[in-house]
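For reference, the structure discussed in these notes is given below.
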Amino acid sequence: RKEVEQDPGPFNVPEGATVAFNCTYSNSASQSFFWYRQDCRKEPKLLMSVYSSGNEDGRFTAQLNRASQYISLLIRDSKLSDSATYLCVVTRASGYSTLTFGKGTMLLVSP
Amino acid sequence: EPEVTQTPSHQVTQMGQEVILRCVPISNHLYFYWYRQILGQKVEFLVSFYNNEISEKSEIFDDQFSVERPDGSNFTLKIRSTKLEDSAMYFCASRVLAGDQNEQFFGPGTRLTVL
């Protein structure tokens, strides 16, 4: 089983749509959880951390279910600039915060 | 805003040659990392470095790889004898403190092409 699994994508949505990304992780000892965004041929950039209580940042909402080992990201009112690959990322329980990445789900927002 | 820088942006080399990829982490950061991403695949951890020594490494990071912090600013990844399968984007990252919620900042990457 892969350490971090994401929907394969791509997701093609019109501007203004709501889109949900799903992610599962295999290591129950994983400590911290993130969503990163990666534009084509660029470096990953932190979009938001994910907390057990769920958290929201503007149009973005992240949820974590530790019991199910499931993480989600919801983007409301999609913009053209949201087009990117969304990476689900967890840290190993190593103490050095090594990041384990999912393969990512590509989002294409069209006019 | 401080950022992680990497040089070169693109390196082309012949199989069997040595390459050194360079990174300048953010100046007050204490933890340094190398990751790689083969085209079309996920980002993979290679090695973490703290207090002038390797703190963790993956099975990818074999004897062909080494890291060094030769001075107070640079952090390098050396591949001794490159193979075709080493072709990838190599990202350096740094982090300021301990604690998992501290963000890792990534550099723009070096694209390594092994011919």
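Ligands are numbered from 1 in the order shown, chains are lettered A, B, ... in the order of the structure tokens, and residues start at 1 in each chain.
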
Where does chain A meet chain B within 6 Å, residue by residue, with the nearest atom pair and distance in Å to one decimal for each, counting only C-alpha atoms, listed by chain and rising number, as JSON lines?
{"residue": "A:Glu43", "atom": "CA", "partner": "B:Pro108", "partner_atom": "CA", "distance": 5.2}
{"residue": "A:Ser97", "atom": "CA", "partner": "B:Asp100", "partner_atom": "CA", "distance": 5.3}
{"residue": "A:Phe101", "atom": "CA", "partner": "B:Val43", "partner_atom": "CA", "distance": 5.9}
{"residue": "A:Lys103", "atom": "CA", "partner": "B:Lys42", "partner_atom": "CA", "distance": 4.3}

Inset, instruction - Would you list the contacts of Arg66 (chain A) as a list in words, taking every protein, DNA or RNA residue within 12 Å and counting only C-alpha atoms, but skipping same-chain residues closer than 6 positions in sequence? - result: Cys23, Thr24, Tyr25, Ser26, Asn27, Ser28, Ala29, Ser30, Gln31, Ser32, Phe33, Val50, Tyr51, Ser52, Ser53, Gly54, Ser72 and Val90 of chain A

Legend entry - Residue contacts of region 24-27 of chain B (6 Å, only C-alpha atoms) excluding same-chain residues fewer than 5 positions away, as an MDAnalysis selection string: chainID B and resid 3:5 73:74 94

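With CA of Ser83 (chain A) on one side and CA of Glu56 (chain A) on the other, the separation reads 19.3 Å.
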
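Each of A:Cys40, A:Leu74, A:Leu107, A:Leu64 was checked against Pro8 (chain A) using only C-alpha atoms; the smallest atom-to-atom distance is that of A:Leu107.
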